[in-house]
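The next block holds one structure in the form of structure tokens; read it before the comments.
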Amino acid sequence: MGEGLTTRKQRALCSPMGTSEISARTASPSRNRAENHPQEHTHPRSYGVVHDNVPHTTRFVVVGNHLAQHAQLSLVAIGLSVHIQSLPPGEQADIKTLASKFPEGTTRIAAGLRELEAYGYLRRTRERDERGQMVTHTVSCNHPTRIRGKAPATRPKPPPRRPAPDPRPPTRRPETEPKPSAHHPETGPTPPPPRPAAKPKHPSHQAEARPPRALPAVPQPAYPAPDLLVTALDILVGLRREDPRLYLSATDAEHLAPGVVAWLERELTPDAVRRVLTFGLPTEPLRRPAALLAHRLNAQLPPLPPFRPPEPAARHPLQNCDTCDRAYRGSEPGDCGGCRTREPGAGARSVVGHPGTDRGGMRDRAELLRTPGAG
């Protein structure tokens, strides 16, 4: 008897594959799971640094990873750069100030600052201020490549290559060919257009074109006597014999001469002024020796000498003149001033005829009357 499919077989064929039937095979696990999925490891995973960041709204500074993760800079240099970038403008950032804040000594801090200068994160220049003192200007750069427009010192840009010369020889224009002429038939040849002014390539060219700064003012004397001015110029000209760096031009010497006269008025000798101006000079080259001398004339000006009244003249006792018997003051007896100026032998005759008779005149008349034959 031909029978059809049984109910069990019919349910097995009609049921979906996802049902649990004895005829469906289960999926076996893959043997190469680690190869197919490399991100899944059988060993325990090792964790690195974990950041617990809080967003800052005040009192913060932005530091680039080019500095924080610099491969050539030391940790001292990176820390110094971050600290200097966090300082407000005008804050002191010299070696002594930084050494007083941190446990590192002046040697390590100086080495770190030199590293920052080598990679462009710091620029230090020494200049002389208006008073003639040497000061250091510190400029901190948070991104040297962007600010200065060039790569750091470790990766200098290669010089531009020159174009290769053309191997073909230059072709000459035939002489018979007329040259083009740009001119109007009525106004004549047209002048060439003016060339634009060349722009300076670097800001330092503009600084070189600026006029030099005026010298600091020097103290002025109460009375510029001509002999003192000559002595002051001799002192200034002779300074180059003490130190060749103190060479002064004629304009600088004329500007400094009144200040030296003010010192001479205060009872200082020329040698003392010369010693003060040349004592303890810096060992580095002097860019403006006249400014240094002007600063010393102002800063080390001595005080005025104390006022001393003139000593009174000596008062001599009264003496009687031996010739005219007049009273005069003198240290020793003798002739008075009038008798000393007369010619010898003219004293008695002038006394006899003097209209104002005194004891000397009366004595002379008595002697003439006693002389025989005088009447």
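FYI, nothing fancy with the structure tokens labels: chains A, B, ... in order, residues from 1 per chain, ligands from 1 as they appear.
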
For this session: Do a neighbour search on region 316-320 of chain A at 8 Å with only C-alpha atoms, toss out local chain neighbours closer than 5 positions, and write the hits as a PyMOL selection string.
Result: chain A and resi 325-336

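CA of Gly112 (chain A) to CA of Ser74 (chain A) spans 7.4 Å [interatomic distance, one decimal].
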
For this session: Enumerate the residues of region 48-96 of chain A with a DSSP assignment of alpha helix (DSSP H), computed from the backbone, and present them as a PyMOL selection string.
Result: chain A and resi 65-68+75-86+95-96

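What separates CA of Gly338 (chain A) from CA of Arg315 (chain A) is a distance of 19.1 Å.
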
For this session: Using CA of Leu75 (chain A) and CA of Thr97 (chain A) as the two end points, give the distance in Å to one decimal.
Result: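 Going from CA of Leu75 (chain A) over to CA of Thr97 (chain A) covers 19.1 Å.
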
Exercise. From the list A:Val76, A:Val82, A:Leu215, A:Ala222, which residue is nearest Thr106 (chain A) when using only C-alpha atoms?
Worked result: A:Val76

Problem set entry | Residues within 9 Å of Pro258 (chain A), only C-alpha atoms, excluding chain neighbours under 4 positions, as a PyMOL selection string | chain A and resi 218-221+224+229+232+254+262-263

Could the residues in this selection be saved with all heavy atoms as a PDB file, in the first residue's frame?
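Done, and the output landed in result.pdb:
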```pdb
ATOM      1  N   VAL A 218      73.363 115.546  31.422  1.00  0.00           N
ATOM      2  CA  VAL A 218      74.445 115.592  32.420  1.00  0.00           C
ATOM      3  C   VAL A 218      74.204 116.791  33.331  1.00  0.00           C
ATOM      4  O   VAL A 218      73.521 117.755  32.953  1.00  0.00           O
ATOM      5  CB  VAL A 218      75.817 115.700  31.732  1.00  0.00           C
ATOM      6  CG1 VAL A 218      76.091 114.463  30.898  1.00  0.00           C
ATOM      7  CG2 VAL A 218      75.890 116.930  30.844  1.00  0.00           C
ATOM      8  N   PRO A 219      74.732 116.772  34.555  1.00  0.00           N
ATOM      9  CA  PRO A 219      74.563 117.932  35.448  1.00  0.00           C
ATOM     10  C   PRO A 219      75.230 119.167  34.880  1.00  0.00           C
ATOM     11  O   PRO A 219      76.303 119.092  34.265  1.00  0.00           O
ATOM     12  CB  PRO A 219      75.228 117.466  36.754  1.00  0.00           C
ATOM     13  CG  PRO A 219      76.117 116.336  36.363  1.00  0.00           C
ATOM     14  CD  PRO A 219      75.472 115.668  35.210  1.00  0.00           C
ATOM     15  N   GLN A 220      74.593 120.306  35.084  1.00  0.00           N
ATOM     16  CA  GLN A 220      75.090 121.575  34.561  1.00  0.00           C
ATOM     17  C   GLN A 220      75.800 122.349  35.676  1.00  0.00           C
ATOM     18  O   GLN A 220      75.354 122.350  36.827  1.00  0.00           O
ATOM     19  CB  GLN A 220      73.938 122.420  34.001  1.00  0.00           C
ATOM     20  CG  GLN A 220      73.221 121.767  32.829  1.00  0.00           C
ATOM     21  CD  GLN A 220      74.126 121.543  31.636  1.00  0.00           C
ATOM     22  OE1 GLN A 220      74.968 122.396  31.309  1.00  0.00           O
ATOM     23  NE2 GLN A 220      73.972 120.392  30.984  1.00  0.00           N
ATOM     24  N   PRO A 221      76.904 123.029  35.347  1.00  0.00           N
ATOM     25  CA  PRO A 221      77.633 123.787  36.370  1.00  0.00           C
ATOM     26  C   PRO A 221      76.935 125.094  36.688  1.00  0.00           C
ATOM     27  O   PRO A 221      76.087 125.592  35.929  1.00  0.00           O
ATOM     28  CB  PRO A 221      78.996 124.010  35.717  1.00  0.00           C
ATOM     29  CG  PRO A 221      78.705 124.022  34.246  1.00  0.00           C
ATOM     30  CD  PRO A 221      77.577 123.069  34.025  1.00  0.00           C
ATOM     31  N   PRO A 224      79.960 128.069  33.994  1.00  0.00           N
ATOM     32  CA  PRO A 224      80.925 127.349  33.148  1.00  0.00           C
ATOM     33  C   PRO A 224      82.116 128.231  32.800  1.00  0.00           C
ATOM     34  O   PRO A 224      82.149 128.894  31.763  1.00  0.00           O
ATOM     35  CB  PRO A 224      80.101 126.986  31.912  1.00  0.00           C
ATOM     36  CG  PRO A 224      79.028 128.015  31.844  1.00  0.00           C
ATOM     37  CD  PRO A 224      78.726 128.421  33.256  1.00  0.00           C
ATOM     38  N   LEU A 229      86.187 124.487  31.440  1.00  0.00           N
ATOM     39  CA  LEU A 229      85.763 123.750  30.249  1.00  0.00           C
ATOM     40  C   LEU A 229      86.956 123.143  29.527  1.00  0.00           C
ATOM     41  O   LEU A 229      86.892 121.999  29.047  1.00  0.00           O
ATOM     42  CB  LEU A 229      84.985 124.679  29.310  1.00  0.00           C
ATOM     43  CG  LEU A 229      83.563 125.045  29.747  1.00  0.00           C
ATOM     44  CD1 LEU A 229      82.969 126.075  28.794  1.00  0.00           C
ATOM     45  CD2 LEU A 229      82.683 123.790  29.767  1.00  0.00           C
ATOM     46  N   ALA A 232      87.996 120.154  31.529  1.00  0.00           N
ATOM     47  CA  ALA A 232      87.054 119.041  31.361  1.00  0.00           C
ATOM     48  C   ALA A 232      87.270 118.332  30.030  1.00  0.00           C
ATOM     49  O   ALA A 232      87.230 117.088  29.955  1.00  0.00           O
ATOM     50  CB  ALA A 232      85.621 119.558  31.466  1.00  0.00           C
ATOM     51  N   GLU A 254      81.684 117.427  23.770  1.00  0.00           N
ATOM     52  CA  GLU A 254      81.010 118.703  24.070  1.00  0.00           C
ATOM     53  C   GLU A 254      79.771 118.487  24.929  1.00  0.00           C
ATOM     54  O   GLU A 254      79.422 119.350  25.740  1.00  0.00           O
ATOM     55  CB  GLU A 254      80.641 119.396  22.768  1.00  0.00           C
ATOM     56  CG  GLU A 254      81.850 119.881  21.968  1.00  0.00           C
ATOM     57  CD  GLU A 254      81.438 120.539  20.670  1.00  0.00           C
ATOM     58  OE1 GLU A 254      80.208 120.599  20.408  1.00  0.00           O
ATOM     59  OE2 GLU A 254      82.318 120.984  19.914  1.00  0.00           O
ATOM     60  N   ALA A 262      80.834 120.494  36.381  1.00  0.00           N
ATOM     61  CA  ALA A 262      80.064 120.462  37.632  1.00  0.00           C
ATOM     62  C   ALA A 262      80.791 119.665  38.707  1.00  0.00           C
ATOM     63  O   ALA A 262      80.706 119.988  39.900  1.00  0.00           O
ATOM     64  CB  ALA A 262      78.676 119.860  37.368  1.00  0.00           C
ATOM     65  N   TRP A 263      81.527 118.632  38.310  1.00  0.00           N
ATOM     66  CA  TRP A 263      82.324 117.884  39.285  1.00  0.00           C
ATOM     67  C   TRP A 263      83.510 118.709  39.762  1.00  0.00           C
ATOM     68  O   TRP A 263      83.848 118.684  40.955  1.00  0.00           O
ATOM     69  CB  TRP A 263      82.820 116.583  38.649  1.00  0.00           C
ATOM     70  CG  TRP A 263      81.778 115.499  38.602  1.00  0.00           C
ATOM     71  CD1 TRP A 263      80.544 115.561  38.044  1.00  0.00           C
ATOM     72  CD2 TRP A 263      81.893 114.194  39.147  1.00  0.00           C
ATOM     73  NE1 TRP A 263      79.875 114.383  38.187  1.00  0.00           N
ATOM     74  CE2 TRP A 263      80.688 113.513  38.863  1.00  0.00           C
ATOM     75  CE3 TRP A 263      82.887 113.518  39.833  1.00  0.00           C
ATOM     76  CZ2 TRP A 263      80.464 112.194  39.253  1.00  0.00           C
ATOM     77  CZ3 TRP A 263      82.673 112.200  40.212  1.00  0.00           C
ATOM     78  CH2 TRP A 263      81.464 111.551  39.933  1.00  0.00           C
TER      79      TRP A 263
END
```

Problem set entry | Long-range neighbours of Leu113 (chain A) as number ranges by chain, 8 Å cut-off, only C-alpha atoms, 6 positions minimum in chain | A: 77, 80, 122

Please save C-alpha atoms of the selected residues as a short mmCIF file (atom, residue, chain, number, x, y, z; two decimals), in the first residue's frame.
```cif
data_model
loop_
_atom_site.label_atom_id
_atom_site.label_comp_id
_atom_site.auth_asym_id
_atom_site.auth_seq_id
_atom_site.Cartn_x
_atom_site.Cartn_y
_atom_site.Cartn_z
CA ALA A 77 63.55 72.95 29.99
CA LEU A 80 60.71 76.18 32.66
CA LEU A 122 62.85 81.72 24.32
#
```
